[in-house]
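Next comes model-v8.txt, a file with compact mmCIF, C-alpha atoms and all ligand atoms.
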```txt
# COMPACT_ATOMS: atom_id res chain seq x y z
CA MET A 23 21.70 13.01 -1.79
CA ASN A 24 19.59 13.24 -4.93
CA ILE A 25 16.01 12.04 -5.11
CA THR A 26 13.77 11.18 -8.04
CA TRP A 27 10.11 10.33 -7.54
CA LEU A 28 9.01 7.44 -9.75
CA THR A 29 5.26 7.88 -8.92
CA GLN A 30 3.25 6.11 -6.18
CA GLY A 31 5.66 4.94 -3.42
CA GLY A 32 8.65 4.58 -5.76
CA PHE A 33 11.85 6.62 -5.46
CA LEU A 34 15.43 6.59 -6.65
CA PHE A 35 18.03 7.83 -4.13
CA GLN A 36 21.56 8.59 -5.21
CA SER A 37 24.56 9.49 -3.04
CA GLY A 38 27.94 9.70 -4.77
CA SER A 39 27.82 6.92 -7.32
CA THR A 40 25.54 4.68 -5.23
CA ARG A 41 21.93 4.30 -6.22
CA VAL A 42 19.15 2.75 -4.15
CA VAL A 43 15.73 2.30 -5.69
CA VAL A 44 12.63 1.79 -3.54
CA ASP A 45 9.37 0.24 -4.77
CA PRO A 46 9.76 0.88 -8.51
CA TYR A 47 6.53 0.06 -10.34
CA LEU A 48 7.36 0.18 -14.04
CA SER A 49 4.96 -2.26 -15.70
CA ASP A 50 1.19 -2.45 -16.14
CA CYS A 51 0.72 -5.64 -14.11
CA VAL A 52 -1.73 -3.95 -11.70
CA GLU A 53 -3.92 -3.08 -14.67
CA ARG A 54 -3.78 -6.59 -16.11
CA ARG A 55 -4.46 -8.35 -12.80
CA GLN A 56 -6.56 -5.83 -10.86
CA GLY A 57 -7.98 -3.52 -13.52
CA LEU A 58 -6.39 -0.27 -12.26
CA THR A 59 -5.08 1.74 -15.20
CA ARG A 60 -1.90 3.80 -14.97
CA LEU A 61 -2.51 7.53 -15.29
CA VAL A 62 1.16 8.28 -16.01
CA GLU A 63 3.96 6.41 -17.69
CA PRO A 64 7.01 5.39 -15.65
CA PRO A 65 9.46 8.32 -15.84
CA LEU A 66 12.57 6.12 -15.94
CA SER A 67 13.22 2.71 -17.46
CA VAL A 68 15.03 -0.32 -16.03
CA GLU A 69 17.98 0.67 -18.23
CA GLU A 70 18.07 4.19 -16.78
CA LEU A 71 17.64 3.37 -13.09
CA GLN A 72 20.95 1.44 -12.65
CA PRO A 73 20.45 0.50 -8.98
CA ASP A 74 23.04 -0.98 -6.61
CA ALA A 75 20.20 -2.08 -4.36
CA MET A 76 16.42 -2.35 -4.47
CA VAL A 77 14.13 -2.21 -1.47
CA CYS A 78 10.56 -3.51 -1.74
CA THR A 79 8.57 -2.39 1.28
CA HIS A 80 5.91 -5.06 0.81
CA ASP A 81 4.55 -7.65 -1.55
CA HIS A 82 1.86 -5.67 -3.36
CA MET A 83 2.28 -5.18 -7.08
CA ASP A 84 2.52 -1.38 -6.99
CA HIS A 85 5.62 -1.88 -4.77
CA PHE A 86 6.86 -5.32 -5.80
CA ASP A 87 6.57 -5.44 -9.59
CA PRO A 88 7.01 -9.11 -10.50
CA GLN A 89 7.23 -8.29 -14.18
CA THR A 90 10.09 -5.82 -13.81
CA ILE A 91 12.22 -7.26 -10.98
CA PRO A 92 13.64 -10.13 -13.10
CA ARG A 93 14.74 -7.54 -15.66
CA PHE A 94 16.64 -5.63 -12.96
CA ALA A 95 18.20 -8.86 -11.75
CA ALA A 96 19.37 -9.78 -15.24
CA LEU A 97 20.66 -6.35 -16.22
CA TYR A 98 22.41 -5.56 -12.89
CA PRO A 99 24.11 -8.73 -11.63
CA ASN A 100 25.50 -6.90 -8.57
CA CYS A 101 22.19 -5.36 -7.51
CA LEU A 102 21.01 -6.56 -4.08
CA PHE A 103 17.33 -7.02 -3.18
CA LEU A 104 16.05 -6.12 0.29
CA GLY A 105 12.67 -6.69 1.86
CA PRO A 106 10.64 -8.29 4.65
CA ALA A 107 9.89 -12.02 4.68
CA SER A 108 6.92 -11.91 2.27
CA VAL A 109 9.03 -10.00 -0.26
CA ARG A 110 11.89 -12.48 0.10
CA ARG A 111 9.48 -15.38 -0.48
CA HIS A 112 8.20 -13.76 -3.64
CA LEU A 113 11.76 -13.01 -4.83
CA HIS A 114 12.49 -16.72 -4.38
CA GLU A 115 9.36 -17.65 -6.37
CA ILE A 116 10.49 -15.53 -9.31
CA SER A 117 13.95 -17.15 -9.14
CA ILE A 118 16.06 -14.29 -7.79
CA ALA A 119 19.23 -15.92 -6.44
CA GLN A 120 19.19 -16.22 -2.63
CA ASP A 121 22.69 -14.74 -2.27
CA ARG A 122 21.43 -11.46 -3.71
CA VAL A 123 18.58 -11.15 -1.22
CA LEU A 124 19.11 -9.46 2.16
CA PRO A 125 16.69 -9.78 5.10
CA PHE A 126 15.16 -6.40 5.84
CA ASP A 127 12.51 -6.84 8.49
CA VAL A 128 11.44 -4.23 11.07
CA GLY A 129 14.42 -3.21 13.21
CA ARG A 130 17.08 -4.28 10.68
CA ARG A 131 19.79 -1.88 9.53
CA VAL A 132 21.72 -2.53 6.31
CA LYS A 133 24.66 -0.58 4.85
CA ILE A 134 24.79 -0.17 1.07
CA GLU A 135 28.03 1.71 0.39
CA GLN A 136 27.44 5.17 1.91
CA PHE A 137 23.73 4.54 2.57
CA SER A 138 22.46 3.30 5.89
CA LEU A 139 18.97 1.82 5.55
CA SER A 140 16.75 0.96 8.52
CA ALA A 141 13.44 -0.89 8.34
CA MET A 142 10.61 0.81 10.24
CA PRO A 143 7.29 -0.72 11.22
CA ALA A 144 4.31 -0.14 8.92
CA PHE A 145 0.69 -1.13 9.56
CA HIS A 146 -0.81 -2.21 6.26
CA SER A 147 -2.98 -5.01 4.86
CA ASN A 148 0.25 -6.81 4.05
CA THR A 149 1.19 -7.60 7.63
CA ASP A 150 4.98 -7.56 7.37
CA ALA A 151 5.13 -4.32 5.35
CA ILE A 152 7.89 -1.93 6.34
CA GLY A 153 8.73 1.75 6.17
CA LEU A 154 12.27 2.91 5.70
CA VAL A 155 14.80 5.35 7.11
CA ILE A 156 17.54 6.34 4.67
CA GLU A 157 20.65 8.07 6.00
CA THR A 158 23.66 9.33 4.14
CA GLY A 159 26.01 12.30 4.45
CA GLY A 160 24.33 13.50 7.65
CA GLN A 161 20.90 13.62 6.00
CA LYS A 162 17.95 11.54 7.08
CA ILE A 163 14.80 10.60 5.17
CA TYR A 164 11.80 8.74 6.55
CA LEU A 165 9.70 7.04 3.88
CA THR A 166 6.55 5.67 5.51
CA GLY A 167 5.76 3.00 2.93
CA ASP A 168 2.10 1.99 2.88
CA THR A 169 0.71 2.28 6.38
CA GLU A 170 -2.17 3.33 8.57
CA LEU A 171 -1.53 5.81 11.37
CA THR A 172 -1.46 3.77 14.59
CA SER A 173 -0.19 4.48 18.08
CA GLN A 174 2.63 1.99 17.44
CA LEU A 175 3.64 3.91 14.31
CA LEU A 176 3.70 7.16 16.26
CA ASP A 177 5.80 5.51 19.00
CA ALA A 178 8.26 4.14 16.44
CA ALA A 179 8.46 7.54 14.73
CA LYS A 180 9.16 9.29 18.04
CA ALA A 181 11.90 6.77 18.89
CA MET A 182 13.42 7.18 15.42
CA ILE A 183 13.72 10.97 15.70
CA ASN A 184 15.33 10.79 19.13
CA ASP A 185 18.92 10.95 17.94
CA HIS A 186 18.68 13.06 14.79
CA GLY A 187 15.57 14.79 13.43
CA VAL A 188 14.17 13.91 10.01
CA ASP A 189 15.19 16.15 7.11
CA LEU A 190 12.61 14.78 4.70
CA LEU A 191 9.37 12.93 5.34
CA LEU A 192 7.90 11.02 2.38
CA VAL A 193 4.39 10.13 3.47
CA CYS A 194 1.49 8.22 1.89
CA ILE A 195 -1.74 10.23 1.69
CA ASN A 196 -4.22 8.27 -0.46
CA GLY A 197 -6.41 7.29 2.51
CA LYS A 198 -7.56 3.98 1.08
CA TRP A 199 -6.84 0.25 1.25
CA GLY A 200 -4.74 0.41 4.40
CA ASN A 201 -3.07 3.80 4.04
CA MET A 202 -3.13 7.11 5.87
CA ASN A 203 -5.39 9.85 4.58
CA ILE A 204 -4.27 13.47 4.43
CA GLU A 205 -5.33 14.27 8.02
CA ASP A 206 -3.39 11.26 9.34
CA ALA A 207 -0.35 12.19 7.26
CA VAL A 208 -0.42 15.74 8.62
CA ARG A 209 -0.70 14.36 12.19
CA LEU A 210 2.38 12.21 11.59
CA ALA A 211 4.23 15.21 10.17
CA GLU A 212 3.28 17.23 13.27
CA VAL A 213 4.86 14.57 15.48
CA ILE A 214 7.98 14.22 13.34
CA GLN A 215 8.49 17.93 12.55
CA PRO A 216 10.59 17.20 9.44
CA GLY A 217 12.61 19.85 7.62
CA LEU A 218 10.30 19.17 4.70
CA ALA A 219 7.23 16.96 4.15
CA VAL A 220 6.44 15.50 0.73
CA PRO A 221 3.25 13.57 -0.06
CA MET A 222 3.39 10.35 -2.06
CA HIS A 223 1.25 7.39 -3.11
CA TYR A 224 -1.20 9.38 -5.22
CA GLY A 225 -1.64 10.16 -8.89
CA LEU A 226 -0.82 6.73 -10.33
CA PHE A 227 -4.26 5.11 -10.46
CA ALA A 228 -7.52 7.00 -11.01
CA GLU A 229 -9.30 4.66 -8.56
CA ASN A 230 -6.81 5.34 -5.78
CA THR A 231 -5.71 8.95 -5.70
CA VAL A 232 -6.33 12.23 -3.87
CA GLU A 233 -5.50 15.86 -4.42
CA PRO A 234 -2.13 16.52 -2.72
CA VAL A 235 -2.69 20.28 -2.44
CA ASP A 236 -4.86 19.69 0.66
CA PHE A 237 -1.88 18.04 2.35
CA ILE A 238 0.40 20.95 1.45
CA GLU A 239 -2.10 23.51 2.77
CA GLN A 240 -2.75 21.67 6.03
CA CYS A 241 0.99 21.26 6.66
CA ARG A 242 1.63 24.94 6.06
CA LYS A 243 -1.21 25.88 8.43
CA ASN A 244 0.65 23.83 11.02
CA GLU A 245 3.95 25.54 10.16
CA ILE A 246 5.42 22.47 8.51
CA ASN A 247 7.24 23.03 5.21
CA ALA A 248 5.68 20.90 2.48
CA ILE A 249 5.97 20.60 -1.28
CA CYS A 250 5.01 18.14 -4.01
CA LEU A 251 7.73 16.55 -6.12
CA HIS A 252 7.49 16.37 -9.90
CA ILE A 253 7.43 12.85 -11.26
CA GLY A 254 10.79 11.91 -12.77
CA ARG A 255 12.59 15.16 -11.91
CA GLU A 256 15.82 14.59 -10.00
CA VAL A 257 16.26 16.98 -7.08
CA GLN A 258 19.01 17.52 -4.54
CA LEU A 259 17.81 17.21 -0.96
CA SER A 260 20.03 20.07 0.29
CA GLU A 261 18.61 22.36 -2.37
CA LEU A 262 15.05 21.40 -1.47
CA LEU A 263 15.77 22.15 2.19
CA ARG A 264 17.50 25.44 1.36
CA GLY A 265 14.50 26.37 -0.80
CA VAL A 266 12.05 26.02 2.09
CA GLU A 267 14.29 27.95 4.48
CA SER A 268 14.56 31.02 2.24
ZN ZN B 1 0.70 0.86 -2.43
```
What is this file in structure tokens?
Ligand SMILES: [Zn+2]
Amino acid sequence: MNITWLTQGGFLFQSGSTRVVVDPYLSDCVERRQGLTRLVEPPLSVEELQPDAMVCTHDHMDHFDPQTIPRFAALYPNCLFLGPASVRRHLHEISIAQDRVLPFDVGRRVKIEQFSLSAMPAFHSNTDAIGLVIETGGQKIYLTGDTELTSQLLDAAKAMINDHGVDLLLVCINGKWGNMNIEDAVRLAEVIQPGLAVPMHYGLFAENTVEPVDFIEQCRKNEINAICLHIGREVQLSELLRGVES
């Protein structure tokens, strides 16, 4: 599986020829409506992303980009859109055809070609927000989405790792507006014991960012492998995992 970080909580996952994009924020609608200026340009365009499916974890503009989603829908007529109820309502409002929208609430599992996607609970200001487990080719990723660290989240994480441990944890660290801070993110990583932990949801807006190096250092102190991804650089998960083993 290949992974490309798109900044904030956005990622492109590719396995074989299948591409799933999660929470792509490619416009400047947050700046126009909420005054938060982008620090970095989107690394990939709608034309380059070519998704077979898009997951929006919740209906906030840095995850559900109402300016960009109609462009995806028009350019990729076979692309499916997945999300919890609030996301599906918003997709309906911006005229995305109902037959392209799949329910993806907590507990749901959806197959997209060789990907198996499972919706995990998240505890955010948007009450039906989800996290996501992505499985393909025997590899498993847990992407927290935007969430606070709660006892229910820890319980759900423990239940999720019961059958097969997590190879890669993608965890929010910005510590603001309903999200875990670095200490919380490290605590979650300690419970999950992933092959590799990668921080996310920082560096996009000056008003809502933290220094990820503190996360990396605290993980390493706790004997958890951790690295930062480069925005827009495609990496192979197996290579990342091999890199931390050697
Ligand atoms: Zn967010």
So how many Å separate atom CA of A:Asp50 and atom CA of A:Val62, to one decimal? 10.7 Å
Kindly give the distance, in Å, that separates atom CA of A:Leu34 and atom CA of A:Asn244, rounded to a single decimal.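 Atom-to-atom, atom CA of A:Leu34 to atom CA of A:Asn244, that is 28.8 Å.
Environment of ligand ZN 1 (chain B), defined as every protein or nucleic acid residue with an atom within 7 Å of it and counting all atoms listed in the file, comprises Gln30, Gly31, His82, Asp84, His85, Asp168 and His223 of chain A.
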Report the distance between atom CA of A:Arg122 and atom CA of A:Ile152 in Å, rounded to one decimal place. 19.4 Å
Contacts of A:Asp121 at 12 Å (all atoms listed in the file; same-chain gap of 5+ positions) as a PyMOL selection string: chain A and resi 99-104+110+113-114
Just checking: using all atoms listed in the file, which residue out of A:Thr79, A:Thr29, A:Asn247, A:Gln89 ends up closest to A:Glu63?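 Ranking A:Thr79, A:Thr29, A:Asn247, A:Gln89 by distance to A:Glu63, first place goes to A:Thr29.
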Using all atoms listed in the file - which residues lie no farther than 9 Å from the point (6.7, -6.0, -11.7) in the file's frame? Write them as a list in words. Pro46, Tyr47, Leu48, Ser49, Asp50, Cys51, Val52, Met83, Asp84, His85, Phe86, Asp87, Pro88, Gln89, Thr90, Ile91 and Pro92 of chain A
What would the file look like if the residues just selected were written as a compact mmCIF listing (two decimals), in the frame of the given file with C-alpha atoms?
```txt
# COMPACT_ATOMS: atom_id res chain seq x y z
CA PRO A 46 9.76 0.88 -8.51
CA TYR A 47 6.53 0.06 -10.34
CA LEU A 48 7.36 0.18 -14.04
CA SER A 49 4.96 -2.26 -15.70
CA ASP A 50 1.19 -2.45 -16.14
CA CYS A 51 0.72 -5.64 -14.11
CA VAL A 52 -1.73 -3.95 -11.70
CA MET A 83 2.28 -5.18 -7.08
CA ASP A 84 2.52 -1.38 -6.99
CA HIS A 85 5.62 -1.88 -4.77
CA PHE A 86 6.86 -5.32 -5.80
CA ASP A 87 6.57 -5.44 -9.59
CA PRO A 88 7.01 -9.11 -10.50
CA GLN A 89 7.23 -8.29 -14.18
CA THR A 90 10.09 -5.82 -13.81
CA ILE A 91 12.22 -7.26 -10.98
CA PRO A 92 13.64 -10.13 -13.10
```
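Closest to A:Ser147 among A:Arg242, A:His80, A:His252, A:Arg54 is A:His80, based on all atoms listed in the file.
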Quick one: residues within 7 Å of A:Ala248, all atoms listed in the file counted, chain neighbours fewer than 3 positions away excluded, as a list in words? Leu218, Ala219, Val220, Ile238, Cys241 and Arg242 of chain A
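If all atoms listed in the file are the atoms counted, then among A:Leu259, A:Met222, A:Val109, A:Val128 the closest residue to A:Leu190 is A:Leu259.
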Rank nothing, just name the residue among A:Ala207, A:Val213, A:Ala228, A:Ile163 nearest to A:Leu191, using all atoms listed in the file. A:Ile163
List as a PDB file with C-alpha atoms, in the frame of the given file the protein and nucleic acid residues near A:His186, meaning an atom at most 10 Å away when all atoms listed in the file are counted, but skip any in the same chain fewer than 2 places from it.
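Final output, result_0.pdb:
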```pdb
ATOM      1  CA  GLY A 160      24.330  13.500   7.650  1.00  0.00           C
ATOM      2  CA  GLN A 161      20.900  13.620   6.000  1.00  0.00           C
ATOM      3  CA  LYS A 162      17.950  11.540   7.080  1.00  0.00           C
ATOM      4  CA  MET A 182      13.420   7.180  15.420  1.00  0.00           C
ATOM      5  CA  ILE A 183      13.720  10.970  15.700  1.00  0.00           C
ATOM      6  CA  ASN A 184      15.330  10.790  19.130  1.00  0.00           C
ATOM      7  CA  VAL A 188      14.170  13.910  10.010  1.00  0.00           C
ATOM      8  CA  ASP A 189      15.190  16.150   7.110  1.00  0.00           C
TER       9      ASP A 189
END
```
